[in-house]
$ cat run-v6.txt   # compact mmCIF, C-alpha atoms
# COMPACT_ATOMS: atom_id res chain seq x y z
CA MET A 689 -5.09 2.49 26.40
CA ASN A 690 -1.45 3.15 27.13
CA ASP A 691 1.11 3.25 24.34
CA GLU A 692 3.22 0.10 24.70
CA ARG A 693 6.10 1.69 22.79
CA SER A 694 6.73 4.54 25.18
CA GLY A 695 4.64 4.03 28.30
CA ARG A 696 2.71 7.23 27.48
CA MET A 697 -0.83 7.69 26.26
CA PRO A 698 -0.96 7.13 22.49
CA ASP A 699 -0.20 9.82 19.94
CA VAL A 700 -3.21 10.87 17.90
CA VAL A 701 -3.24 12.63 14.54
CA VAL A 702 -6.42 14.64 13.96
CA VAL A 703 -6.99 15.26 10.25
CA GLY A 704 -8.92 18.49 9.86
CA ALA A 705 -8.42 21.77 11.73
CA GLY A 706 -11.98 22.99 11.61
CA MET A 707 -14.21 23.32 14.65
CA ILE A 708 -14.81 19.59 15.09
CA GLY A 709 -11.16 18.62 14.65
CA ALA A 710 -10.09 21.40 17.00
CA ALA A 711 -12.65 20.38 19.63
CA CYS A 712 -11.52 16.75 19.48
CA ALA A 713 -7.87 17.77 19.69
CA GLU A 714 -8.52 20.12 22.62
CA ALA A 715 -10.46 17.53 24.60
CA LEU A 716 -7.87 14.83 23.92
CA SER A 717 -5.01 17.10 24.93
CA ALA A 718 -6.87 18.16 28.09
CA ALA A 719 -7.02 14.45 28.98
CA GLY A 720 -3.25 14.12 28.55
CA VAL A 721 -3.15 12.65 25.06
CA ASP A 722 -0.35 13.79 22.73
CA VAL A 723 -2.07 15.35 19.70
CA LEU A 724 -1.00 16.54 16.26
CA VAL A 725 -3.54 18.35 14.08
CA LEU A 726 -3.13 18.42 10.30
CA ASP A 727 -4.99 20.48 7.72
CA ARG A 728 -4.39 20.71 3.98
CA GLY A 729 -5.36 24.39 4.16
CA THR A 730 -5.46 26.74 7.11
CA PRO A 731 -7.18 26.19 10.47
CA ALA A 732 -10.88 27.08 10.40
CA GLY A 733 -10.59 27.80 6.69
CA GLY A 734 -13.29 25.44 5.38
CA THR A 735 -16.76 24.70 6.68
CA THR A 736 -16.06 26.46 9.99
CA ALA A 737 -15.36 29.79 8.29
CA ALA A 738 -18.73 29.55 6.55
CA GLY A 739 -20.70 29.03 9.76
CA GLU A 740 -22.78 31.42 11.84
CA GLY A 741 -21.53 30.19 15.20
CA ASN A 742 -24.80 28.81 16.48
CA VAL A 743 -24.95 26.82 19.73
CA LEU A 744 -28.57 25.71 19.63
CA VAL A 745 -31.00 23.43 21.39
CA SER A 746 -34.04 25.04 19.77
CA ASP A 747 -33.84 23.55 16.29
CA LYS A 748 -33.70 19.81 16.98
CA GLU A 749 -36.48 17.30 17.42
CA PRO A 750 -36.35 14.99 20.44
CA GLY A 751 -33.83 12.23 19.89
CA PRO A 752 -30.09 11.51 20.04
CA GLU A 753 -28.95 14.73 18.34
CA LEU A 754 -31.00 16.86 20.73
CA GLN A 755 -29.48 15.02 23.69
CA LEU A 756 -26.02 15.67 22.26
CA ALA A 757 -26.95 19.33 21.77
CA ILE A 758 -28.20 19.70 25.35
CA ALA A 759 -25.00 18.14 26.67
CA SER A 760 -22.86 20.28 24.38
CA ARG A 761 -24.58 23.50 25.47
CA GLN A 762 -23.66 22.56 29.03
CA GLU A 763 -20.12 21.60 27.99
CA TRP A 764 -19.20 24.74 26.05
CA PRO A 765 -18.69 27.00 29.12
CA LYS A 766 -16.44 24.32 30.64
CA VAL A 767 -14.35 24.19 27.46
CA LEU A 768 -14.09 27.97 27.28
CA ALA A 769 -13.02 28.12 30.93
CA ARG A 770 -9.94 26.00 30.26
CA LEU A 771 -8.71 27.99 27.24
CA PRO A 772 -5.56 30.09 27.58
CA GLU A 773 -6.49 33.50 28.93
CA GLN A 774 -4.97 35.41 26.02
CA VAL A 775 -7.24 33.70 23.49
CA ALA A 776 -10.33 33.09 25.61
CA ASP A 777 -12.54 35.79 23.99
CA VAL A 778 -14.44 33.89 21.31
CA GLU A 779 -17.43 36.29 21.37
CA TRP A 780 -19.52 33.88 23.44
CA GLU A 781 -23.04 35.29 23.76
CA PRO A 782 -25.75 33.33 25.59
CA LYS A 783 -28.32 35.56 23.91
CA GLY A 784 -31.21 33.11 23.66
CA GLY A 785 -33.26 32.15 20.64
CA LEU A 786 -36.73 33.09 19.42
CA VAL A 787 -38.72 30.88 17.04
CA VAL A 788 -41.80 32.47 15.52
CA ALA A 789 -44.76 31.29 13.50
CA THR A 790 -46.66 33.56 11.15
CA THR A 791 -49.30 31.04 10.09
CA ASP A 792 -50.92 28.17 12.01
CA PRO A 793 -49.45 28.22 15.54
CA ALA A 794 -50.23 24.55 16.28
CA PRO A 795 -47.07 22.95 14.79
CA LEU A 796 -44.72 25.21 16.75
CA GLU A 797 -46.73 24.74 19.95
CA LYS A 798 -46.53 20.94 19.50
CA PHE A 799 -42.81 21.07 18.77
CA ALA A 800 -42.06 23.17 21.84
CA ALA A 801 -44.08 20.80 24.02
CA GLN A 802 -42.11 17.81 22.73
CA GLN A 803 -38.84 19.60 23.42
CA ARG A 804 -39.89 20.44 26.97
CA GLU A 805 -40.54 16.75 27.57
CA ALA A 806 -36.99 16.09 26.33
CA GLY A 807 -35.48 18.54 28.82
CA VAL A 808 -35.28 21.78 26.82
CA ASP A 809 -36.34 25.10 28.32
CA ALA A 810 -38.86 25.97 25.59
CA GLN A 811 -41.19 28.77 26.65
CA LEU A 812 -44.28 29.45 24.57
CA ILE A 813 -44.97 33.17 24.55
CA THR A 814 -47.60 35.44 23.04
CA PRO A 815 -47.00 37.67 20.03
CA ALA A 816 -46.99 40.68 22.36
CA GLU A 817 -44.24 39.08 24.45
CA ALA A 818 -42.30 38.31 21.27
CA PHE A 819 -42.50 41.98 20.27
CA GLU A 820 -41.10 42.96 23.67
CA LEU A 821 -38.09 40.73 22.99
CA GLU A 822 -37.76 41.86 19.37
CA PRO A 823 -39.50 45.22 18.77
CA LEU A 824 -38.79 45.22 15.02
CA LEU A 825 -40.33 41.81 14.39
CA THR A 826 -43.18 41.50 11.87
CA ARG A 827 -46.65 41.94 13.38
CA ALA A 828 -47.79 38.86 11.45
CA VAL A 829 -46.52 36.61 14.28
CA THR A 830 -49.20 34.22 15.55
CA THR A 831 -47.16 32.55 18.32
CA ALA A 832 -43.54 32.20 19.41
CA ALA A 833 -41.24 30.06 21.51
CA TYR A 834 -38.38 31.50 23.52
CA TYR A 835 -35.24 29.41 24.16
CA PRO A 836 -33.01 31.03 26.80
CA GLU A 837 -30.35 28.33 26.39
CA ASP A 838 -29.50 29.19 22.77
CA ALA A 839 -26.11 30.85 22.38
CA GLN A 840 -23.64 32.05 19.78
CA LEU A 841 -19.90 32.35 19.36
CA GLN A 842 -17.49 33.39 16.62
CA PRO A 843 -16.48 30.08 15.00
CA VAL A 844 -13.09 31.07 13.61
CA LEU A 845 -12.02 32.68 16.88
CA ALA A 846 -13.26 29.66 18.82
CA THR A 847 -11.45 27.18 16.58
CA THR A 848 -8.15 29.04 16.75
CA ALA A 849 -8.52 29.32 20.54
CA LEU A 850 -9.07 25.57 20.85
CA LEU A 851 -5.97 24.93 18.76
CA ALA A 852 -4.00 27.41 20.88
CA ALA A 853 -4.97 25.35 23.92
CA VAL A 854 -3.66 22.23 22.19
CA ARG A 855 -0.35 23.96 21.53
CA SER A 856 -0.14 25.21 25.11
CA ARG A 857 -0.26 21.59 26.27
CA GLY A 858 2.56 20.49 23.98
CA GLY A 859 0.49 19.53 20.95
CA GLU A 860 1.17 20.66 17.41
CA VAL A 861 -0.85 22.09 14.52
CA ARG A 862 0.46 21.86 10.95
CA SER A 863 -1.17 23.77 8.11
CA GLY A 864 -0.74 23.04 4.43
CA VAL A 865 -0.17 19.32 4.98
CA THR A 866 -2.44 16.83 3.23
CA ALA A 867 -3.10 13.43 4.77
CA VAL A 868 -3.46 10.93 1.95
CA SER A 869 -3.53 7.51 3.62
CA VAL A 870 -2.64 5.57 6.74
CA ARG A 871 0.07 3.03 7.33
CA ARG A 872 -1.05 -0.17 9.01
CA ALA A 873 0.78 -2.96 10.80
CA ALA A 874 0.46 -6.60 9.78
CA THR A 875 -2.39 -6.84 12.29
CA GLY A 876 -4.25 -4.12 10.41
CA ARG A 877 -3.86 -1.50 13.14
CA VAL A 878 -2.96 2.08 12.25
CA ILE A 879 0.68 2.90 12.96
CA GLY A 880 1.04 6.13 10.99
CA VAL A 881 -0.44 8.69 8.64
CA GLU A 882 0.94 9.10 5.15
CA THR A 883 1.04 12.77 4.10
CA ASP A 884 2.37 14.76 1.20
CA ALA A 885 5.15 15.82 3.59
CA GLY A 886 6.05 12.29 4.67
CA LEU A 887 5.02 9.68 7.23
CA ILE A 888 3.86 10.66 10.71
CA ASP A 889 3.96 7.87 13.28
CA CYS A 890 0.90 7.54 15.51
CA VAL A 891 -1.35 4.93 17.01
CA ALA A 892 -4.65 6.54 16.04
CA VAL A 893 -6.04 8.97 13.49
CA VAL A 894 -9.26 10.99 13.74
CA ASN A 895 -11.08 11.72 10.50
CA ALA A 896 -12.45 15.23 11.10
CA CYS A 897 -12.49 16.25 7.44
CA GLY A 898 -16.04 17.58 7.42
CA PRO A 899 -17.68 17.31 3.98
CA TRP A 900 -14.55 15.58 2.71
CA ALA A 901 -14.65 12.91 5.43
CA GLY A 902 -16.19 10.38 3.08
CA ALA A 903 -13.32 10.68 0.63
CA PHE A 904 -10.69 10.48 3.36
CA GLY A 905 -12.43 7.52 4.95
CA ALA A 906 -12.44 5.68 1.62
CA ALA A 907 -8.74 6.46 1.11
CA VAL A 908 -7.79 4.88 4.44
CA GLY A 909 -10.03 1.83 4.24
CA GLY A 910 -13.01 3.11 6.23
CA PRO A 911 -15.52 4.58 3.73
CA ILE A 912 -18.52 6.37 5.22
CA GLU A 913 -21.55 8.01 3.65
CA VAL A 914 -20.99 11.70 4.32
CA LEU A 915 -22.12 14.17 1.68
CA PRO A 916 -21.76 17.94 1.22
CA ARG A 917 -24.82 20.11 1.68
CA ARG A 918 -24.34 23.72 0.69
CA GLY A 919 -25.63 26.73 2.59
CA MET A 920 -25.52 30.47 1.86
CA ILE A 921 -25.58 33.48 4.20
CA LEU A 922 -26.09 37.21 3.64
CA VAL A 923 -24.23 39.81 5.72
CA THR A 924 -25.59 43.33 6.16
CA ALA A 925 -23.76 46.57 6.79
CA PRO A 926 -23.13 47.28 10.50
CA LEU A 927 -26.22 48.54 12.30
CA PRO A 928 -27.17 49.85 15.73
CA GLU A 929 -28.66 47.13 17.92
CA CYS A 930 -31.73 45.89 16.09
CA VAL A 931 -31.89 42.09 16.50
CA ARG A 932 -31.32 41.00 20.08
CA HIS A 933 -31.63 37.22 19.79
CA LYS A 934 -31.21 34.51 17.22
CA VAL A 935 -34.58 34.67 15.47
CA TYR A 936 -35.93 32.21 12.97
CA ASP A 937 -39.21 31.06 11.56
CA ALA A 938 -40.77 27.75 12.45
CA ASP A 939 -39.97 26.35 8.98
CA TYR A 940 -36.28 26.20 9.95
CA VAL A 941 -36.74 23.06 12.03
CA GLY A 942 -38.24 21.20 9.11
CA ALA A 943 -35.43 22.27 6.80
CA VAL A 944 -32.79 21.11 9.29
CA GLY A 945 -34.23 17.61 9.43
CA SER A 946 -35.04 17.23 5.76
CA GLY A 947 -33.13 14.95 3.43
CA ASP A 948 -34.54 16.62 0.32
CA ALA A 949 -31.84 17.38 -2.23
CA ASP A 950 -33.73 20.37 -3.67
CA LEU A 951 -33.16 23.92 -2.49
CA GLN A 952 -34.74 24.71 0.87
CA THR A 953 -34.72 28.09 2.53
CA SER A 954 -35.96 29.29 5.89
CA THR A 955 -35.50 32.57 7.68
CA VAL A 956 -32.72 32.90 10.25
CA VAL A 957 -31.68 36.36 11.43
CA GLU A 958 -29.13 37.29 14.09
CA SER A 959 -26.71 40.09 14.89
CA THR A 960 -23.01 39.88 15.60
CA ARG A 961 -20.86 41.80 18.04
CA SER A 962 -19.58 43.98 15.18
CA GLY A 963 -23.12 45.13 14.36
CA THR A 964 -23.62 43.19 11.14
CA VAL A 965 -26.71 41.05 10.76
CA LEU A 966 -26.40 37.51 9.42
CA ILE A 967 -29.26 36.24 7.27
CA GLY A 968 -29.77 32.61 6.37
CA SER A 969 -30.41 29.91 5.72
CA SER A 970 -30.34 27.74 2.65
CA ARG A 971 -29.75 24.02 2.22
CA GLU A 972 -29.01 22.40 -1.11
CA ARG A 973 -27.40 19.11 -2.05
CA ILE A 974 -25.45 20.03 -5.18
CA GLY A 975 -22.13 18.31 -4.53
CA PHE A 976 -19.17 20.63 -4.26
CA ASP A 977 -20.60 23.19 -6.69
CA ASP A 978 -19.67 26.57 -5.18
CA THR A 979 -21.32 28.74 -7.82
CA VAL A 980 -23.08 31.74 -6.29
CA LYS A 981 -26.73 31.47 -7.26
CA VAL A 982 -28.53 34.79 -7.24
CA HIS A 983 -31.98 33.23 -6.91
CA VAL A 984 -30.92 31.65 -3.61
CA LEU A 985 -29.75 35.00 -2.26
CA ARG A 986 -32.96 36.69 -3.38
CA GLU A 987 -35.04 34.06 -1.61
CA LEU A 988 -33.06 34.52 1.61
CA ALA A 989 -33.51 38.29 1.42
CA ARG A 990 -37.21 38.05 0.64
CA LYS A 991 -37.93 35.80 3.61
CA ALA A 992 -35.78 37.87 5.96
CA VAL A 993 -37.73 41.02 5.09
CA GLY A 994 -40.91 39.08 5.81
CA LEU A 995 -39.65 38.41 9.34
CA PHE A 996 -38.00 41.81 9.93
CA PRO A 997 -39.52 44.40 7.54
CA PHE A 998 -36.86 47.02 8.38
CA LEU A 999 -34.28 44.90 6.54
CA ALA A 1000 -35.78 46.00 3.22
CA ASP A 1001 -33.83 49.25 3.57
CA VAL A 1002 -30.55 47.72 4.79
CA ALA A 1003 -27.56 47.15 2.52
CA VAL A 1004 -26.07 43.69 2.08
CA ILE A 1005 -22.28 44.04 1.98
CA ARG A 1006 -21.31 40.47 1.23
CA THR A 1007 -22.42 36.87 0.99
CA TYR A 1008 -20.67 33.65 1.79
CA GLY A 1009 -21.38 29.97 1.64
CA GLY A 1010 -19.94 26.64 2.57
CA PHE A 1011 -20.39 22.91 2.53
CA ARG A 1012 -21.69 21.12 5.59
CA PRO A 1013 -21.07 17.39 6.19
CA TYR A 1014 -24.37 15.58 5.87
CA ALA A 1015 -25.13 11.98 6.89
CA PRO A 1016 -28.26 10.41 5.37
CA ASP A 1017 -29.87 9.78 8.77
CA HIS A 1018 -29.11 13.30 10.05
CA LEU A 1019 -26.84 12.14 12.87
CA PRO A 1020 -23.12 12.77 13.39
CA VAL A 1021 -20.65 9.95 12.83
CA LEU A 1022 -18.59 9.59 16.00
CA GLY A 1023 -16.24 6.95 17.29
CA PRO A 1024 -13.92 4.13 16.26
CA ASP A 1025 -14.15 2.41 12.90
CA PRO A 1026 -14.34 -1.37 13.52
CA ARG A 1027 -12.94 -2.06 10.06
CA VAL A 1028 -9.66 -0.25 10.68
CA PRO A 1029 -8.33 -0.46 14.25
CA GLY A 1030 -6.98 2.95 15.20
CA LEU A 1031 -9.19 4.90 12.76
CA TRP A 1032 -11.77 7.22 14.32
CA HIS A 1033 -14.41 9.44 12.75
CA ALA A 1034 -15.86 12.75 13.93
CA THR A 1035 -18.02 14.23 11.20
CA GLY A 1036 -21.56 14.43 9.80
CA HIS A 1037 -22.82 17.30 11.96
CA GLU A 1038 -24.09 19.31 8.97
CA GLY A 1039 -25.00 22.84 10.08
CA ALA A 1040 -24.89 22.01 13.80
CA GLY A 1041 -21.17 21.37 14.10
CA ILE A 1042 -20.35 24.52 16.04
CA GLY A 1043 -22.94 23.83 18.69
CA LEU A 1044 -22.23 20.09 18.92
CA ALA A 1045 -18.44 20.43 18.94
CA ALA A 1046 -17.90 20.60 22.68
CA SER A 1047 -19.67 17.33 23.42
CA THR A 1048 -18.26 15.74 20.29
CA GLY A 1049 -14.73 16.36 21.51
CA ARG A 1050 -15.59 15.10 24.97
CA LEU A 1051 -17.34 11.97 23.68
CA VAL A 1052 -14.52 11.00 21.32
CA THR A 1053 -12.05 11.49 24.16
CA GLU A 1054 -14.10 9.44 26.60
CA LEU A 1055 -14.37 6.56 24.16
CA PHE A 1056 -10.68 6.81 23.30
CA ILE A 1057 -9.34 6.71 26.86
CA GLY A 1058 -11.96 4.25 28.03
CA VAL A 1059 -14.05 6.18 30.54
CA PRO A 1060 -17.87 6.13 30.75
CA PRO A 1061 -19.32 8.46 28.10
CA HIS A 1062 -21.45 11.42 29.13
CA VAL A 1063 -23.98 10.69 26.36
CA ASP A 1064 -25.01 7.43 24.72
CA PRO A 1065 -22.62 6.90 21.77
CA GLU A 1066 -24.68 4.12 20.19
CA PRO A 1067 -26.81 6.29 17.82
CA PHE A 1068 -23.64 7.87 16.38
CA ARG A 1069 -21.65 4.68 15.83
CA VAL A 1070 -19.66 4.42 12.62
CA ASP A 1071 -20.95 1.01 11.51
CA ARG A 1072 -24.66 1.89 11.43
CA PRO A 1073 -26.43 1.02 8.15
CA ALA A 1074 -27.05 4.59 6.96
CA VAL A 1075 -23.34 5.41 7.15
CA VAL A 1076 -21.58 2.30 5.83
CA GLY A 1077 -24.24 1.24 3.35
CA LEU A 1078 -25.39 -1.98 4.99
CA PRO A 1079 -28.84 -3.33 4.07
$ encode --input "run-v6.txt" --output "structure tokens"
Amino acid sequence: MNDERSGRMPDVVVVGAGMIGAACAEALSAAGVDVLVLDRGTPAGGTTAAGEGNVLVSDKEPGPELQLAIASRQEWPKVLARLPEQVADVEWEPKGGLVVATTDPAPLEKFAAQQREAGVDAQLITPAEAFELEPLLTRAVTTAAYYPEDAQLQPVLATTALLAAVRSRGGEVRSGVTAVSVRRAATGRVIGVETDAGLIDCVAVVNACGPWAGAFGAAVGGPIEVLPRRGMILVTAPLPECVRHKVYDADYVGAVGSGDADLQTSTVVESTRSGTVLIGSSRERIGFDDTVKVHVLRELARKAVGLFPFLADVAVIRTYGGFRPYAPDHLPVLGPDPRVPGLWHATGHEGAGIGLAASTGRLVTELFIGVPPHVDPEPFRVDRPAVVGLP
């Protein structure tokens, strides 16, 4: 796909400087594509800043998203290895994950078996083995599954590092610029992006606007069904090492895959390099309502104490929340929009965007430059019924 105007690969404008936009821009620039990233706010200032930094294979049922997650877990170290040395520390920690059940062990055992068949290293362990991994865990555990492939990074650091790599290759990142529309040729193909700072010529635009991707898609002639789903997180005061892995209860998997609009909470506990402990998670479809709801925070705290009783005596120093881009069929929206030649979408990852970002960037790039994709792009196509509202 060479640019006929200049003999170079085409210029791409990525709209959205969160993790997904940064990952797409980094992968495109690594392939030699000239990239400009726009954001109406600051890089990593939206959904990315409200994330925990999870890179997980443990929380997804067998299917296309799990395959994307497996590929992305393998891709992340490759991405990190090509970052500029001065920004390469993104607090990458391949710490592993621990999923525990405190009631009937059968559902977790079945889930782990299904994941093993799909290629995940899911190791069923006894409660005693779980206590060896996490000594402060509740003794109510009936069974557990250990996932050595689960990892974590600091999402804001990672996003800014990806954007630094784009700049190092001659790309550009502009903050405080709002993309409002696209300019199209008589043939219908994108030839530029209209912004509040003027027109930017390009031959393609990537909609990486996260929860706002639906609105941007509609504004440029490619509406997609992407909705915001809010989540809240508690942050404790810094502690000595007390939680060694990402630990969550077996209910978390069901909450991830649910389309229920009502409040759902499940216990997720993990430490950070600074010593704080992050406690989640909640999921609620309430539009863009960012009101802090005390009952949600209380429910998160109650369930966390049930998993790690010592947390009852630990101070919470702050809370934060954000909106995650949610597609009705629980799959990301990745690839070209057949209705608008030159328009691409990379959104709909909900709470898994950090973990799926590396393969998302690679897949979008592969499709864009016309090389065989490393994962099957068909399940994520833009024109599937759940996304564009077809019967």
$ atom_distance --input "run-v6.txt" --atom1 "atom CA of A:Ala1034" --atom2 "atom CA of A:His933"
29.7 Å
$ residues_around --input "run-v6.txt" --residues "A:Asn742" --least-positions-apart "3" --cutoff "8 Å" --atoms "all atoms listed in the file" --output "PyMOL selection string"
chain A and resi 739+838-841+1040+1042-1043
$ residues_around --input "run-v6.txt" --residues "A:Lys783" --least-positions-apart "3" --cutoff "12 Å" --atoms "all atoms listed in the file" --output "VMD selection string"
chain A and resid 742 to 744 779 to 780 786 821 834 to 841 931 to 935 958 to 961
$ closest_residue --input "run-v6.txt" --among "A:Gly968, A:Pro782, A:Gly905, A:Pro750" --to "A:Trp1032" --atoms "only C-alpha atoms"
A:Gly905
$ residues_around --input "run-v6.txt" --residues "stretch 720-725 of chain A" --least-positions-apart "3" --cutoff "10 Å" --atoms "only C-alpha atoms" --output "compact mmCIF listing (two decimals) with C-alpha atoms, keeping the file's coordinate frame"
# COMPACT_ATOMS: atom_id res chain seq x y z
CA ASN A 690 -1.45 3.15 27.13
CA ARG A 696 2.71 7.23 27.48
CA MET A 697 -0.83 7.69 26.26
CA PRO A 698 -0.96 7.13 22.49
CA ASP A 699 -0.20 9.82 19.94
CA VAL A 700 -3.21 10.87 17.90
CA VAL A 701 -3.24 12.63 14.54
CA VAL A 702 -6.42 14.64 13.96
CA VAL A 703 -6.99 15.26 10.25
CA GLY A 704 -8.92 18.49 9.86
CA ALA A 705 -8.42 21.77 11.73
CA GLY A 706 -11.98 22.99 11.61
CA GLY A 709 -11.16 18.62 14.65
CA ALA A 710 -10.09 21.40 17.00
CA CYS A 712 -11.52 16.75 19.48
CA ALA A 713 -7.87 17.77 19.69
CA GLU A 714 -8.52 20.12 22.62
CA ALA A 715 -10.46 17.53 24.60
CA LEU A 716 -7.87 14.83 23.92
CA SER A 717 -5.01 17.10 24.93
CA PRO A 731 -7.18 26.19 10.47
CA LEU A 851 -5.97 24.93 18.76
CA VAL A 854 -3.66 22.23 22.19
CA ARG A 855 -0.35 23.96 21.53
CA ARG A 857 -0.26 21.59 26.27
CA GLY A 858 2.56 20.49 23.98
CA GLY A 859 0.49 19.53 20.95
CA GLU A 860 1.17 20.66 17.41
CA VAL A 861 -0.85 22.09 14.52
CA ARG A 862 0.46 21.86 10.95
CA SER A 863 -1.17 23.77 8.11
CA VAL A 865 -0.17 19.32 4.98
CA ILE A 888 3.86 10.66 10.71
CA CYS A 890 0.90 7.54 15.51
CA ALA A 892 -4.65 6.54 16.04
CA VAL A 893 -6.04 8.97 13.49
CA VAL A 894 -9.26 10.99 13.74
CA ALA A 896 -12.45 15.23 11.10
CA THR A 1053 -12.05 11.49 24.16
CA PHE A 1056 -10.68 6.81 23.30
CA ILE A 1057 -9.34 6.71 26.86
$ closest_residue --input "run-v6.txt" --among "A:Ala925, A:Leu1055, A:Ile1005, A:Val891" --to "A:Gly1030" --atoms "only C-alpha atoms"
A:Val891
$ residues_near_point --input "run-v6.txt" --point "(-9.1, 34.9, 23.0)" --cutoff "12 Å" --atoms "only C-alpha atoms" --output "list of chain:residue names"
A:Leu768, A:Ala769, A:Arg770, A:Leu771, A:Pro772, A:Glu773, A:Gln774, A:Val775, A:Ala776, A:Asp777, A:Val778, A:Glu779, A:Trp780, A:Leu841, A:Gln842, A:Pro843, A:Val844, A:Leu845, A:Ala846, A:Thr847, A:Thr848, A:Ala849, A:Leu850, A:Leu851, A:Ala852, A:Ala853
